[in-house]
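Note sheet for the following structure.
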Amino acid sequence: MLGKMFISAVLAEGSVAGLLQFGDIESLFKASEVPVYAFVREFVKKYQALPSPDTILAHVDEALVPHKEPAAYYYDLLVLRDTEHRLKKAMQDATQNLLPNNKQPEKALVTLSTAVMELVSRRQAKQVVDFREAHDALIADYVAKWKTPDQYGIQFGWPTLDDIMGGAVKGDMISIIGRPAVGKTWQLLYGALHGWRQGMKLKDPTPAEIQNQTPLFVSMEMNPLAIQQRLAAMFTHLPAGQIKHAGLTSSNLQKYKDGLTLIKGHHAPFWVVDGNLTATVEDIFMLAQYLKPGSIWIDGGYLLKHPKVSDRYQRVAENADLIKQELAPLAPTTVSWQFARSAAKKDKKKGEKAGLEDIGYSDAIAQVSSVALGVFQDESVETLLQRVIDILKGRNGEVGKFTTNWDFIGMDFSEVLSPHVEDLQFL
């Protein structure tokens, strides 16, 4: 029954990758459940799509059991059920080698230790892989990109970065680093809003697509009202200052109201959390497990608290590791950090510029980041209208830079794209 509920949940979520991400788990199913699972896997391999419940019934003569929870929940239950079964079987076998007329303690130990090691190895299967078994993982990745090339991974809305990254995925920790008041919050909000806004284009989205477009934004310095005002300004392209101080014209006020009405109809939530300078990684982890966002954004990672570490530098290092180990596997996580004072002392006239070694508090931030972006503010007239973002570290070693708009009238923080030669007109 449990296996059929799992299949039912997988079909409802409508994602081939959602099935293949678990790998070949036929061993977790009871004999009566195996035919359904085997048929679904073969169907997916042949047609790159999930069968309907009616198709399964027609070919296997087995009806699915209605589900109430996501597929991952039933997968966990299948693992627990199988673990219990294997442990009981191992203990029974070991007991047979400890009977008075058949004492073989060494054999009993081997039986128990072998069973335990197999179970532990399964728990670590995502960390230790055999390339011979790469089919499911690689096909899941390929199908996800092939089926939905524009929605695969989390896009930031800056083409240069999105092309290099190919979309942020689970396990990624992206760091945005800059000196105080350089605009890290605006850049973070732009990235979070871009993916959420893209979700508005989807018609009849599946639960998996809705989850993928749901951001969880944690602000360690600003209250939720201030964050929502900034998001609303960016969404409606109305000046944030006029929204904050109630200075909109009558026509812009109507545009503001219309925009907020449109936001209300979005199928995916946009969670804003008040960190209030006291949040810990564990707090965010628990919240993310409950809300199940598709991406996590933390504004001010250096302000996160730690339940056991009080030293500022050690605390930041510990929290960077925890973000990578606990939050990133749940959803791609983007965090803003600060450059140390050494970054401001670099002599730009001599070609010196801030790098990973200038990140404040801890070297661990650079080490665990999949991608590290530096936000810079050179002293010139252009910085009033633009910001330069350096790609200090790419997932595969890429480096480079791109420029974003810095327009607080039209609330435009998109990338400044150089025109293609064919688009130029000569008079």
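Labels for the structure tokens follow display order: chains A, B, ..., residues from 1 in each chain, ligands from 1.
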
Give me, as a PyMOL selection string, all polymer residues having an atom no more than 12 Å from stretch 383-387 of chain A, counting only C-alpha atoms and skipping those fewer than 2 positions away in the same chain.
chain A and resi 178+182-184+186-187+374-381+389-390+401-417

For atom CA of A:Ala317 and atom CA of A:Leu291, quote the distance in Å rounded to one decimal.
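Between atom CA of A:Ala317 and atom CA of A:Leu291 the gap is 26.3 Å.
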
Can you list, as a count of residues only, every residue of stretch 281-403 of chain A that DSSP puts in helix (DSSP H, G or I)?
49

Just list the residues in stretch 130-362 of chain A DSSP gives strand (DSSP E or B) on the backbone, as a VMD selection string.
chain A and resid 154 168 173 to 178 215 to 219 271 to 274 280 295 to 299 305 333 to 339 359

Name all residues at most 12 Å from stretch 84-88 of chain A (count only C-alpha atoms; drop same-chain ones fewer than 5 positions away) and give them as a PyMOL selection string.
chain A and resi 27-30+77-79+93-95+111-120

Would you save the residues from that selection as a compact mmCIF listing (two decimals), in the first residue's frame, using N, CA, C and O atoms?
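Final output, result.txt:
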```
# COMPACT_ATOMS: atom_id res chain seq x y z
N SER A 27 14.05 -2.25 -4.50
CA SER A 27 14.25 -3.08 -3.30
C SER A 27 13.43 -2.58 -2.11
O SER A 27 13.23 -3.32 -1.13
N LEU A 28 12.94 -1.35 -2.18
CA LEU A 28 12.14 -0.81 -1.07
C LEU A 28 10.69 -1.26 -1.12
O LEU A 28 9.95 -1.09 -0.14
N PHE A 29 10.27 -1.84 -2.24
CA PHE A 29 8.87 -2.20 -2.42
C PHE A 29 8.61 -3.66 -2.04
O PHE A 29 9.47 -4.53 -2.23
N LYS A 30 7.42 -3.89 -1.54
CA LYS A 30 7.00 -5.26 -1.28
C LYS A 30 6.68 -5.95 -2.60
O LYS A 30 6.47 -5.29 -3.62
N LEU A 77 9.23 7.00 4.27
CA LEU A 77 8.55 5.90 4.96
C LEU A 77 8.96 4.55 4.38
O LEU A 77 9.10 3.57 5.12
N LEU A 78 9.13 4.51 3.06
CA LEU A 78 9.59 3.27 2.42
C LEU A 78 10.97 2.88 2.93
O LEU A 78 11.24 1.70 3.20
N VAL A 79 11.84 3.86 3.07
CA VAL A 79 13.20 3.59 3.57
C VAL A 79 13.14 3.08 5.01
O VAL A 79 13.82 2.11 5.37
N ASP A 93 18.85 -13.75 12.05
CA ASP A 93 19.94 -14.59 11.56
C ASP A 93 21.07 -14.66 12.58
O ASP A 93 21.68 -15.73 12.80
N ALA A 94 21.38 -13.51 13.22
CA ALA A 94 22.44 -13.49 14.21
C ALA A 94 22.08 -14.34 15.42
O ALA A 94 22.92 -15.05 15.99
N THR A 95 20.80 -14.29 15.80
CA THR A 95 20.34 -15.08 16.95
C THR A 95 20.54 -16.57 16.72
O THR A 95 20.88 -17.32 17.64
N THR A 111 27.20 -10.97 10.49
CA THR A 111 25.83 -10.81 9.98
C THR A 111 25.27 -9.44 10.33
O THR A 111 24.72 -8.73 9.48
N LEU A 112 25.42 -9.05 11.60
CA LEU A 112 24.88 -7.76 12.06
C LEU A 112 25.65 -6.59 11.44
O LEU A 112 25.05 -5.62 10.97
N SER A 113 26.98 -6.68 11.46
CA SER A 113 27.78 -5.57 10.95
C SER A 113 27.58 -5.37 9.45
O SER A 113 27.54 -4.24 8.97
N THR A 114 27.43 -6.48 8.72
CA THR A 114 27.19 -6.38 7.28
C THR A 114 25.88 -5.66 6.99
O THR A 114 25.80 -4.78 6.12
N ALA A 115 24.84 -6.04 7.74
CA ALA A 115 23.53 -5.41 7.55
C ALA A 115 23.58 -3.91 7.88
O ALA A 115 23.03 -3.08 7.15
N VAL A 116 24.25 -3.59 8.99
CA VAL A 116 24.34 -2.19 9.40
C VAL A 116 25.13 -1.38 8.38
O VAL A 116 24.73 -0.27 8.01
N MET A 117 26.23 -1.93 7.88
CA MET A 117 27.05 -1.20 6.91
C MET A 117 26.30 -0.97 5.60
O MET A 117 26.42 0.08 4.98
N GLU A 118 25.50 -1.95 5.19
CA GLU A 118 24.70 -1.77 3.98
C GLU A 118 23.69 -0.65 4.14
O GLU A 118 23.48 0.16 3.23
N LEU A 119 23.08 -0.59 5.33
CA LEU A 119 22.09 0.45 5.59
C LEU A 119 22.74 1.83 5.68
O LEU A 119 22.21 2.82 5.17
N VAL A 120 23.90 1.90 6.31
CA VAL A 120 24.61 3.17 6.41
C VAL A 120 25.07 3.63 5.03
O VAL A 120 24.98 4.82 4.68
```

Report as a PyMOL selection string all protein, DNA and RNA residues lying within 9 Å of A:Ala364, evaluated on only C-alpha atoms, omitting residues in the same chain fewer than 4 positions from it.
chain A and resi 316-318+320-321+368-369

With N, CA, C and O atoms retained, could you export that selection as a PDB file, in the first residue's frame?
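Here's the written file again.pdb:
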```pdb
ATOM      1  N   VAL A 316      30.679  33.021  12.230  1.00  0.00           N
ATOM      2  CA  VAL A 316      30.436  33.165  10.799  1.00  0.00           C
ATOM      3  C   VAL A 316      30.930  31.936  10.043  1.00  0.00           C
ATOM      4  O   VAL A 316      30.259  31.430   9.136  1.00  0.00           O
ATOM      5  N   ALA A 317      32.100  31.417  10.427  1.00  0.00           N
ATOM      6  CA  ALA A 317      32.643  30.224   9.773  1.00  0.00           C
ATOM      7  C   ALA A 317      31.737  29.026   9.983  1.00  0.00           C
ATOM      8  O   ALA A 317      31.449  28.270   9.044  1.00  0.00           O
ATOM      9  N   GLU A 318      31.277  28.838  11.229  1.00  0.00           N
ATOM     10  CA  GLU A 318      30.388  27.716  11.532  1.00  0.00           C
ATOM     11  C   GLU A 318      29.078  27.842  10.767  1.00  0.00           C
ATOM     12  O   GLU A 318      28.563  26.854  10.225  1.00  0.00           O
ATOM     13  N   ALA A 320      28.508  29.472   7.939  1.00  0.00           N
ATOM     14  CA  ALA A 320      28.719  29.259   6.500  1.00  0.00           C
ATOM     15  C   ALA A 320      28.695  27.764   6.192  1.00  0.00           C
ATOM     16  O   ALA A 320      28.081  27.322   5.209  1.00  0.00           O
ATOM     17  N   ASP A 321      29.369  26.980   7.034  1.00  0.00           N
ATOM     18  CA  ASP A 321      29.364  25.520   6.845  1.00  0.00           C
ATOM     19  C   ASP A 321      27.959  24.952   7.009  1.00  0.00           C
ATOM     20  O   ASP A 321      27.535  24.079   6.241  1.00  0.00           O
ATOM     21  N   VAL A 368      33.159  27.335   0.759  1.00  0.00           N
ATOM     22  CA  VAL A 368      31.932  26.539   0.620  1.00  0.00           C
ATOM     23  C   VAL A 368      30.966  27.107  -0.419  1.00  0.00           C
ATOM     24  O   VAL A 368      29.975  26.462  -0.752  1.00  0.00           O
ATOM     25  N   SER A 369      31.236  28.291  -0.935  1.00  0.00           N
ATOM     26  CA  SER A 369      30.343  28.897  -1.927  1.00  0.00           C
ATOM     27  C   SER A 369      30.511  28.226  -3.290  1.00  0.00           C
ATOM     28  O   SER A 369      31.628  28.038  -3.762  1.00  0.00           O
TER      29      SER A 369
END
```

Report as a list in words all protein, DNA and RNA residues lying within 8 Å of A:Leu330, evaluated on only C-alpha atoms, omitting residues in the same chain fewer than 3 positions from it.
Lys170, Gly171, Ala288, Gln289, Lys292, Glu326 and Leu327 of chain A

Mind checking which residues fall within 12 Å of stretch 226-235 of chain A, counting only C-alpha atoms, ignoring those fewer than 5 positions away in the same chain, and posting them as a VMD selection string?
chain A and resid 185 to 194 196 to 198 200 217 to 221 240 to 246 248 252 to 253 255 to 264 270 to 275 299 406 to 414
